[in-house]
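Everything below concerns the one structure shown next.
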Amino acid sequence: MAMIRVGLVGLGEVAQSIHLPVLADQRDRWVIAGVHDVSPSLVSLVTSEYPTAKAFESAEALIASPDIDAVFVLSSDDTHSRFVRAAIEANKHILLEKPACLTVREIDELLALSKDYAKTIFVGYMRRYASAYMAAREELPAHGDITHVRIFDQISEGRHFLKKSQNVLYPTDIDPAILASGGRERDALIREVVGQDASADLMRAYRGLTALSSHHISAMRGLLGEPQRVVAAHRTNGGANTSVTFDYGHFACLYDAVVDDLGLFDAMIEVRSNTRRVRIIYDTPYIRSLPTRLEVTEAGPLGPVTKAFGPLYGDAFSNELETFHRHIAEGSKPLTDLADSRADLALMAEIIGKMRESGGN
């Protein structure tokens with residue numbers, strides 16, 4: 001099996017809790033060859049824990065290094081386009097944490113740059129690689145028989161789970177000028193979508209769509225295909241909570257997202273026909289190998305009969321990286337690539353448009 005030398009740009013929460021441990025577990029596939037972060041303390045921590053990891057002074061130096069085969073772009077969303085562009089120009093394989101970018105414009109520029117690109121560009125929508133999700137694809141009613149879809153996210157931020165389970169370093173040594181510059185760049189990109197006059201709650205709603213909600217928007221499209229349109233969208237709780245109705249012609253898909261500080265995680269996708277219900281149930285991804293579950297309920301002569309798959313302990317992030325490695329080895333095309341992510345961002349922009357109609361700017 002080919003060994004791939006990985007360079008990680010960004011060593012924050014997701015790198016420490018997920019990507020670095022998975023890469024180390026899959027040591028027959030990957031070598032952690034290089035790291036970079038704007039926090040010196042994070043670089044020191046990771047290089048001390050992973051002896052093969054060389055510290056690079058800049059993201060650009062890591063990306064350009066001949067000792068790196070694949071670049072993991074795990075940095076803040078506003079930097080994604082810049083680092084992916086550099087990795088394409090350096091002819092590297094790329095794993096890009098979601099969201100791929102913050103605007104359709106950025107994606108279109110990257111798609112133009114990567115036309116006929118021979119290396120793999122893989123966007124990390126790990127819920128689409130969860131065992132329950134993959135099994136559900138074989139259990140769905142025929143598309144023409146679907147009568148209703150319901151998707152739900154009750155989510156608390158990762159710190160609620162990680163502080164109780166892992167020793168993640170949240171750095172305090174990042175240059176304030178870097179943080180301020182990144183914040184301005186992020187806000188400028190978001191305002192391209194939500195409008196220059198957008199309120200703080202609409203800004204927050206879009207950040208939620210591109211962050212936590214993006215997983216289920218992508219998963220919805222992977223299961224059901226493309227919706228015809230966004231019928232309605234509304235935001236509450238200062239933009240932290242969103243409700244969206246997607247039109248699939250003969251059925252509607254209702255999506256609700258609730259973000260709070262309760263410290264609970266409750267996420268599911270439910271697809272119904274008149275006689276069948278398929279439900280995918282997710283636990284928090286911040287703690288590796290928590291099970292996903294799949295329940296299939298059918299009408300029977302004595303009443304509904306439910307069969308359960310799992311609990312399925314196959315880790316979604318591990319499945320994701322195994323799939324990424326297979327695409328590199330085979331030269332095959334990922335399901336979650338830049339073009340696929342463009343469809344997500346276009347839907348999010350349409351959602352924002354409906355929010356402006358229903359709730360002003």
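Ligands are numbered from 1 in the order shown, chains are lettered A, B, ... in the order of the structure tokens, and residues start at 1 in each chain.
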Inset, instruction - Show which residues sit within 6 Å of region 73-80 of chain A, as number ranges by chain. Count only C-alpha atoms, and ignore same-chain residues fewer than 4 positions away. - result: A: 9-10, 84, 96-97, 101, 186
Let's have the selection written as a PDB file, in the first residue's frame, with C-alpha atoms.
```
ATOM      1  CA  VAL A   9      -2.044  23.378   7.647  1.00  0.00           C
ATOM      2  CA  GLY A  10      -3.937  24.252  10.825  1.00  0.00           C
ATOM      3  CA  VAL A  84      -6.023  25.216  -2.020  1.00  0.00           C
ATOM      4  CA  LEU A  96     -10.042  20.221   2.453  1.00  0.00           C
ATOM      5  CA  GLU A  97     -12.109  20.514   5.615  1.00  0.00           C
ATOM      6  CA  CYS A 101     -14.888  27.959   0.737  1.00  0.00           C
ATOM      7  CA  ARG A 186     -13.956  36.213   6.786  1.00  0.00           C
TER       8      ARG A 186
END
```
Legend entry - Contacts of region 345-361 of chain A within 7 Å, only C-alpha atoms, excl. fewer than 4 positions in-chain, as a ChimeraX atom specification: /A:103-104,193-194,197-199,202,209,230,232-235,341
Can those selected residues be exported to a file as a PDB file, in the first residue's frame so that it contains C-alpha atoms?
```pdb
ATOM      1  CA  THR A 103     -18.506  31.831  -1.485  1.00  0.00           C
ATOM      2  CA  VAL A 104     -19.466  30.372  -4.845  1.00  0.00           C
ATOM      3  CA  VAL A 193     -23.284  36.388   0.108  1.00  0.00           C
ATOM      4  CA  VAL A 194     -25.493  37.965   2.765  1.00  0.00           C
ATOM      5  CA  ASP A 197     -26.135  45.725   4.879  1.00  0.00           C
ATOM      6  CA  ALA A 198     -26.668  42.362   6.582  1.00  0.00           C
ATOM      7  CA  SER A 199     -27.478  42.252  10.279  1.00  0.00           C
ATOM      8  CA  LEU A 202     -27.960  37.019   9.315  1.00  0.00           C
ATOM      9  CA  LEU A 209     -24.898  27.093   7.422  1.00  0.00           C
ATOM     10  CA  VAL A 230     -35.708  26.531  -1.310  1.00  0.00           C
ATOM     11  CA  ALA A 232     -38.786  28.993   2.840  1.00  0.00           C
ATOM     12  CA  ALA A 233     -36.064  29.739   5.370  1.00  0.00           C
ATOM     13  CA  HIS A 234     -36.169  31.439   8.736  1.00  0.00           C
ATOM     14  CA  ARG A 235     -33.689  32.243  11.487  1.00  0.00           C
ATOM     15  CA  SER A 341     -19.322  21.612  -2.623  1.00  0.00           C
TER      16      SER A 341
END
```
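By only C-alpha atoms, and with residues fewer than 3 positions from Met203 (chain A) along its chain excluded, the set lying at most 9 Å from it is Asp187, Ile190, Arg191, Val194, Ala198, Ser199, Ala200, Tyr206, Arg207, Gly208 and Gly239 of chain A.
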Could the residues in this selection be written to a file with C-alpha atoms, as a CSV table (one decimal), in the first residue's frame?
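part-v7.csv, written as the output of this step:
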```csv
chain,number,residue,atom,x,y,z
A,187,ASP,CA,-16.6,38.9,7.3
A,190,ILE,CA,-19.6,36.4,4.1
A,191,ARG,CA,-20.9,39.8,3.2
A,194,VAL,CA,-25.5,38.0,2.8
A,198,ALA,CA,-26.7,42.4,6.6
A,199,SER,CA,-27.5,42.3,10.3
A,200,ALA,CA,-25.4,40.4,12.8
A,206,TYR,CA,-24.7,32.0,7.2
A,207,ARG,CA,-21.7,31.1,9.4
A,208,GLY,CA,-23.9,28.3,10.9
A,239,GLY,CA,-29.2,33.5,13.9
```
With region 16-27 of chain A as the partner and 8 Å as the cut-off, tabulate the residues of region 126-183 of chain A that qualify, each row holding the nearest pair of atoms and their distance in Å to one decimal, using only C-alpha atoms, sorted by chain and rising number, as CSV.
```
residue,atom,partner,partner_atom,distance
A:Leu162,CA,A:Ser17,CA,8.0
A:Gln166,CA,A:Ser17,CA,7.4
A:Val168,CA,A:Gln16,CA,6.5
```
Next, dump the selected residues to file, keeping only N, CA and C atoms, as a tab-separated table (two decimals), in the first residue's frame.
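Output file result32.tsv is given in full below:
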```
chain	number	residue	atom	x	y	z
A	162	LEU	N	-15.23	17.91	24.09
A	162	LEU	CA	-13.80	17.65	24.13
A	162	LEU	C	-13.19	17.96	25.50
A	166	GLN	N	-10.93	14.87	26.11
A	166	GLN	CA	-9.59	14.94	25.53
A	166	GLN	C	-8.88	16.20	26.02
A	168	VAL	N	-7.35	18.85	24.57
A	168	VAL	CA	-7.12	19.68	23.40
A	168	VAL	C	-6.55	21.02	23.84
```
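Pairwise distance (CA of Arg159 (chain A), CA of Leu42 (chain A)) equals 16.7 Å.
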Legend entry - Ile88 (chain A) surroundings by only C-alpha atoms, 10 Å radius, close-in-sequence under 4 positions cut, as number ranges by chain: A: 63, 71, 83-84, 92-94, 110, 113-114, 117-121
Inset, instruction - DSSP on the backbone, then: every residue of region 209-280 of chain A marked helix (DSSP H, G or I), written as a ChimeraX atom specification. - result: /A:209-210,212-224,237-239
Write the selection just made, keeping all heavy atoms, as a compact mmCIF listing (two decimals), in the first residue's frame?
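Contents of the output file out-v5.txt:
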```txt
# COMPACT_ATOMS: atom_id res chain seq x y z
N LEU A 209 -24.65 27.92 8.60
CA LEU A 209 -24.90 27.09 7.42
C LEU A 209 -23.60 26.52 6.87
O LEU A 209 -23.53 25.34 6.53
CB LEU A 209 -25.60 27.92 6.35
CG LEU A 209 -27.07 28.28 6.60
CD1 LEU A 209 -27.54 29.29 5.56
CD2 LEU A 209 -27.95 27.03 6.55
N THR A 210 -22.57 27.35 6.77
CA THR A 210 -21.31 26.89 6.18
C THR A 210 -20.52 26.00 7.14
O THR A 210 -19.66 25.24 6.70
CB THR A 210 -20.42 28.08 5.77
OG1 THR A 210 -20.16 28.90 6.91
CG2 THR A 210 -21.09 28.92 4.69
N LEU A 212 -21.60 23.99 10.82
CA LEU A 212 -22.23 22.75 11.28
C LEU A 212 -23.32 22.25 10.33
O LEU A 212 -23.42 21.06 10.06
CB LEU A 212 -22.82 22.99 12.67
CG LEU A 212 -21.78 23.33 13.76
CD1 LEU A 212 -22.49 23.75 15.03
CD2 LEU A 212 -20.86 22.16 14.03
N SER A 213 -24.14 23.16 9.78
CA SER A 213 -25.25 22.71 8.93
C SER A 213 -24.78 22.16 7.60
O SER A 213 -25.52 21.42 6.94
CB SER A 213 -26.21 23.88 8.68
OG SER A 213 -26.88 24.25 9.87
N SER A 214 -23.59 22.52 7.18
CA SER A 214 -23.12 22.09 5.86
C SER A 214 -23.06 20.57 5.76
O SER A 214 -23.25 20.00 4.68
CB SER A 214 -21.75 22.70 5.55
OG SER A 214 -20.76 22.23 6.44
N HIS A 215 -22.81 19.88 6.88
CA HIS A 215 -22.74 18.42 6.84
C HIS A 215 -24.06 17.82 6.38
O HIS A 215 -24.10 16.94 5.53
CB HIS A 215 -22.40 17.87 8.23
CG HIS A 215 -20.95 17.90 8.54
ND1 HIS A 215 -20.01 17.17 7.84
CD2 HIS A 215 -20.25 18.57 9.49
CE1 HIS A 215 -18.81 17.38 8.34
NE2 HIS A 215 -18.92 18.23 9.35
N HIS A 216 -25.17 18.29 6.95
CA HIS A 216 -26.45 17.69 6.61
C HIS A 216 -26.98 18.18 5.28
O HIS A 216 -27.71 17.45 4.60
CB HIS A 216 -27.47 17.95 7.73
CG HIS A 216 -27.62 16.78 8.65
ND1 HIS A 216 -28.09 16.89 9.93
CD2 HIS A 216 -27.37 15.45 8.47
CE1 HIS A 216 -28.13 15.69 10.49
NE2 HIS A 216 -27.68 14.81 9.62
N ILE A 217 -26.63 19.39 4.88
CA ILE A 217 -27.01 19.84 3.54
C ILE A 217 -26.33 18.96 2.49
O ILE A 217 -26.95 18.52 1.52
CB ILE A 217 -26.68 21.33 3.35
CG1 ILE A 217 -27.60 22.18 4.23
CG2 ILE A 217 -26.82 21.74 1.88
CD1 ILE A 217 -27.27 23.65 4.25
N SER A 218 -25.05 18.68 2.70
CA SER A 218 -24.33 17.80 1.80
C SER A 218 -24.90 16.38 1.84
O SER A 218 -25.10 15.73 0.80
CB SER A 218 -22.84 17.78 2.16
OG SER A 218 -22.12 16.87 1.35
N ALA A 219 -25.18 15.89 3.05
CA ALA A 219 -25.73 14.54 3.20
C ALA A 219 -27.10 14.42 2.53
O ALA A 219 -27.41 13.41 1.90
CB ALA A 219 -25.83 14.17 4.67
N MET A 220 -27.93 15.45 2.67
CA MET A 220 -29.24 15.47 2.02
C MET A 220 -29.08 15.32 0.51
O MET A 220 -29.76 14.49 -0.12
CB MET A 220 -29.95 16.78 2.34
CG MET A 220 -31.28 16.98 1.62
SD MET A 220 -31.93 18.67 1.80
CE MET A 220 -30.86 19.56 0.63
N ARG A 221 -28.20 16.10 -0.07
CA ARG A 221 -28.00 16.04 -1.52
C ARG A 221 -27.44 14.68 -1.93
O ARG A 221 -27.79 14.15 -2.99
CB ARG A 221 -27.04 17.16 -1.97
CG ARG A 221 -27.62 18.56 -1.81
CD ARG A 221 -26.61 19.63 -2.24
NE ARG A 221 -25.95 19.24 -3.46
CZ ARG A 221 -24.72 18.72 -3.54
NH1 ARG A 221 -23.99 18.55 -2.44
NH2 ARG A 221 -24.21 18.36 -4.68
N GLY A 222 -26.56 14.11 -1.11
CA GLY A 222 -26.00 12.81 -1.44
C GLY A 222 -27.04 11.70 -1.45
O GLY A 222 -26.95 10.77 -2.24
N LEU A 223 -28.05 11.81 -0.57
CA LEU A 223 -29.11 10.80 -0.52
C LEU A 223 -30.20 11.04 -1.53
O LEU A 223 -30.70 10.09 -2.16
CB LEU A 223 -29.73 10.78 0.88
CG LEU A 223 -28.97 10.12 2.02
CD1 LEU A 223 -29.76 10.29 3.32
CD2 LEU A 223 -28.71 8.64 1.75
N LEU A 224 -30.62 12.29 -1.70
CA LEU A 224 -31.85 12.61 -2.42
C LEU A 224 -31.64 13.28 -3.76
O LEU A 224 -32.58 13.40 -4.54
CB LEU A 224 -32.73 13.53 -1.56
CG LEU A 224 -33.05 13.05 -0.14
CD1 LEU A 224 -33.79 14.14 0.61
CD2 LEU A 224 -33.84 11.76 -0.16
N ASN A 237 -33.24 33.05 17.40
CA ASN A 237 -32.20 32.96 18.42
C ASN A 237 -30.90 33.64 17.97
O ASN A 237 -29.81 33.10 18.08
CB ASN A 237 -31.93 31.50 18.79
CG ASN A 237 -31.07 31.35 20.03
OD1 ASN A 237 -31.02 32.24 20.88
ND2 ASN A 237 -30.37 30.23 20.14
N GLY A 238 -31.07 34.85 17.40
CA GLY A 238 -29.90 35.61 16.97
C GLY A 238 -29.17 35.01 15.79
O GLY A 238 -27.99 35.31 15.58
N GLY A 239 -29.85 34.18 15.02
CA GLY A 239 -29.22 33.53 13.87
C GLY A 239 -28.62 32.18 14.20
O GLY A 239 -28.14 31.48 13.29
```
Legend entry - Nearest residue to Glu322 (chain A) from the set A:Thr275, A:Phe122, A:Ala112, A:Leu11 (distances using only C-alpha atoms):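 For Glu322 (chain A), the nearest of the candidates is A:Phe122.
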Inset, instruction - Compare A:Val259, A:Met3, A:Val296, A:Ile287 by their minimum atom-to-atom distance to Asn167 (chain A), counting only C-alpha atoms, and give me the closest one. - result: A:Ile287
Legend entry - Nearest residue to Ala339 (chain A) from the set A:Ser41, A:Ser65, A:Glu13, A:Ala100 (distances using only C-alpha atoms):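 Closest to Ala339 (chain A) of all the choices is A:Ala100.
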Inset, instruction - Report as a list in words: the residues of region 106-235 of chain A with a DSSP assignment of strand (DSSP E or B), based on the backbone of this structure. - result: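 The strand (DSSP E or B) subset of region 106-235 of chain A is Ile121, Phe122, Val123, Gly124, His148, Val149, Arg150, Ile151, Phe152, Asp153, Gln154, Ile155, Arg229, Val230, Val231, Ala232, Ala233, His234 and Arg235 of chain A.
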The selected residues should be written to file as a short mmCIF file (atom, residue, chain, number, x, y, z; two decimals), in the first residue's frame (atoms: all heavy atoms).
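Dumped to part-v5.cif:
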```cif
data_model
loop_
_atom_site.label_atom_id
_atom_site.label_comp_id
_atom_site.auth_asym_id
_atom_site.auth_seq_id
_atom_site.Cartn_x
_atom_site.Cartn_y
_atom_site.Cartn_z
N ILE A 121 -8.66 16.07 -5.13
CA ILE A 121 -9.15 17.12 -4.24
C ILE A 121 -10.40 16.59 -3.57
O ILE A 121 -11.39 16.30 -4.23
CB ILE A 121 -9.45 18.43 -4.99
CG1 ILE A 121 -8.21 18.91 -5.76
CG2 ILE A 121 -9.93 19.51 -4.00
CD1 ILE A 121 -8.45 20.17 -6.58
N PHE A 122 -10.35 16.46 -2.26
CA PHE A 122 -11.37 15.75 -1.49
C PHE A 122 -11.85 16.69 -0.39
O PHE A 122 -11.06 17.16 0.43
CB PHE A 122 -10.73 14.49 -0.89
CG PHE A 122 -11.66 13.58 -0.15
CD1 PHE A 122 -12.11 12.40 -0.74
CD2 PHE A 122 -12.05 13.85 1.15
CE1 PHE A 122 -12.94 11.53 -0.05
CE2 PHE A 122 -12.89 12.99 1.85
CZ PHE A 122 -13.33 11.83 1.24
N VAL A 123 -13.16 16.97 -0.35
CA VAL A 123 -13.73 17.83 0.68
C VAL A 123 -14.29 16.96 1.81
O VAL A 123 -15.02 16.00 1.57
CB VAL A 123 -14.83 18.75 0.10
CG1 VAL A 123 -15.38 19.68 1.18
CG2 VAL A 123 -14.28 19.57 -1.07
N GLY A 124 -13.94 17.32 3.04
CA GLY A 124 -14.17 16.44 4.19
C GLY A 124 -15.55 16.53 4.80
O GLY A 124 -15.72 17.06 5.90
N HIS A 148 -41.89 12.29 2.41
CA HIS A 148 -41.48 13.33 3.34
C HIS A 148 -40.06 13.03 3.82
O HIS A 148 -39.69 11.86 3.99
CB HIS A 148 -42.42 13.38 4.55
CG HIS A 148 -42.14 14.51 5.49
ND1 HIS A 148 -42.47 15.81 5.21
CD2 HIS A 148 -41.57 14.53 6.72
CE1 HIS A 148 -42.12 16.59 6.21
NE2 HIS A 148 -41.57 15.84 7.14
N VAL A 149 -39.29 14.09 4.07
CA VAL A 149 -37.95 13.95 4.65
C VAL A 149 -37.82 14.98 5.76
O VAL A 149 -38.22 16.14 5.61
CB VAL A 149 -36.84 14.17 3.59
CG1 VAL A 149 -35.46 14.09 4.25
CG2 VAL A 149 -36.96 13.12 2.48
N ARG A 150 -37.25 14.54 6.86
CA ARG A 150 -37.02 15.42 8.00
C ARG A 150 -35.57 15.27 8.44
O ARG A 150 -35.08 14.15 8.62
CB ARG A 150 -37.96 15.05 9.15
CG ARG A 150 -37.89 15.96 10.36
CD ARG A 150 -39.09 15.72 11.26
NE ARG A 150 -39.08 14.37 11.81
CZ ARG A 150 -38.66 14.06 13.05
NH1 ARG A 150 -38.20 15.00 13.84
NH2 ARG A 150 -38.73 12.82 13.47
N ILE A 151 -34.89 16.40 8.60
CA ILE A 151 -33.49 16.41 9.03
C ILE A 151 -33.38 17.33 10.24
O ILE A 151 -33.93 18.43 10.24
CB ILE A 151 -32.56 16.89 7.90
CG1 ILE A 151 -32.71 16.01 6.66
CG2 ILE A 151 -31.11 16.90 8.38
CD1 ILE A 151 -31.90 16.48 5.47
N PHE A 152 -32.67 16.86 11.25
CA PHE A 152 -32.61 17.63 12.50
C PHE A 152 -31.18 17.66 13.02
O PHE A 152 -30.47 16.65 13.00
CB PHE A 152 -33.52 17.00 13.56
CG PHE A 152 -33.59 17.76 14.85
CD1 PHE A 152 -34.19 19.01 14.91
CD2 PHE A 152 -33.05 17.24 16.01
CE1 PHE A 152 -34.26 19.72 16.10
CE2 PHE A 152 -33.10 17.93 17.21
CZ PHE A 152 -33.72 19.18 17.25
N ASP A 153 -30.76 18.82 13.48
CA ASP A 153 -29.47 19.02 14.15
C ASP A 153 -29.70 19.76 15.45
O ASP A 153 -30.12 20.93 15.43
CB ASP A 153 -28.52 19.86 13.29
CG ASP A 153 -27.71 19.06 12.31
OD1 ASP A 153 -27.29 17.96 12.66
OD2 ASP A 153 -27.48 19.55 11.19
N GLN A 154 -29.48 19.12 16.57
CA GLN A 154 -29.31 19.85 17.83
C GLN A 154 -27.86 19.68 18.21
O GLN A 154 -27.40 18.58 18.50
CB GLN A 154 -30.20 19.32 18.94
CG GLN A 154 -30.00 20.07 20.26
CD GLN A 154 -30.76 19.48 21.42
OE1 GLN A 154 -31.89 19.07 21.25
NE2 GLN A 154 -30.14 19.43 22.58
N ILE A 155 -27.14 20.80 18.21
CA ILE A 155 -25.69 20.72 18.29
C ILE A 155 -25.17 21.72 19.31
O ILE A 155 -25.61 22.87 19.35
CB ILE A 155 -25.06 21.01 16.91
CG1 ILE A 155 -25.47 19.93 15.91
CG2 ILE A 155 -23.55 21.10 17.00
CD1 ILE A 155 -25.03 20.22 14.50
N ARG A 229 -35.82 23.80 -5.34
CA ARG A 229 -35.67 25.17 -4.84
C ARG A 229 -35.79 25.15 -3.32
O ARG A 229 -36.18 24.15 -2.72
CB ARG A 229 -36.77 26.07 -5.41
CG ARG A 229 -38.18 25.66 -5.01
CD ARG A 229 -39.25 26.44 -5.74
NE ARG A 229 -40.58 25.95 -5.40
CZ ARG A 229 -41.51 26.65 -4.73
NH1 ARG A 229 -41.25 27.90 -4.36
NH2 ARG A 229 -42.69 26.13 -4.46
N VAL A 230 -35.46 26.29 -2.73
CA VAL A 230 -35.71 26.53 -1.31
C VAL A 230 -37.05 27.24 -1.21
O VAL A 230 -37.23 28.34 -1.74
CB VAL A 230 -34.60 27.39 -0.68
CG1 VAL A 230 -34.93 27.70 0.78
CG2 VAL A 230 -33.25 26.69 -0.78
N VAL A 231 -38.02 26.60 -0.57
CA VAL A 231 -39.36 27.17 -0.45
C VAL A 231 -39.39 28.28 0.59
O VAL A 231 -39.95 29.36 0.37
CB VAL A 231 -40.39 26.09 -0.06
CG1 VAL A 231 -41.77 26.69 0.14
CG2 VAL A 231 -40.43 24.99 -1.12
N ALA A 232 -38.75 28.03 1.74
CA ALA A 232 -38.79 28.99 2.84
C ALA A 232 -37.58 28.77 3.73
O ALA A 232 -37.05 27.65 3.81
CB ALA A 232 -40.08 28.85 3.64
N ALA A 233 -37.15 29.84 4.40
CA ALA A 233 -36.06 29.74 5.37
C ALA A 233 -36.24 30.84 6.40
O ALA A 233 -36.62 31.97 6.07
CB ALA A 233 -34.71 29.86 4.68
N HIS A 234 -35.98 30.49 7.65
CA HIS A 234 -36.17 31.44 8.74
C HIS A 234 -35.07 31.23 9.76
O HIS A 234 -34.56 30.12 9.93
CB HIS A 234 -37.55 31.23 9.37
CG HIS A 234 -37.95 32.35 10.28
ND1 HIS A 234 -38.15 33.64 9.85
CD2 HIS A 234 -38.20 32.35 11.63
CE1 HIS A 234 -38.51 34.40 10.87
NE2 HIS A 234 -38.53 33.64 11.96
N ARG A 235 -34.71 32.30 10.45
CA ARG A 235 -33.69 32.24 11.49
C ARG A 235 -34.26 32.80 12.78
O ARG A 235 -35.08 33.73 12.77
CB ARG A 235 -32.45 33.04 11.07
CG ARG A 235 -32.70 34.54 10.94
CD ARG A 235 -31.51 35.25 10.31
NE ARG A 235 -31.67 36.70 10.31
CZ ARG A 235 -32.33 37.40 9.39
NH1 ARG A 235 -32.93 36.76 8.39
NH2 ARG A 235 -32.41 38.72 9.48
#
```
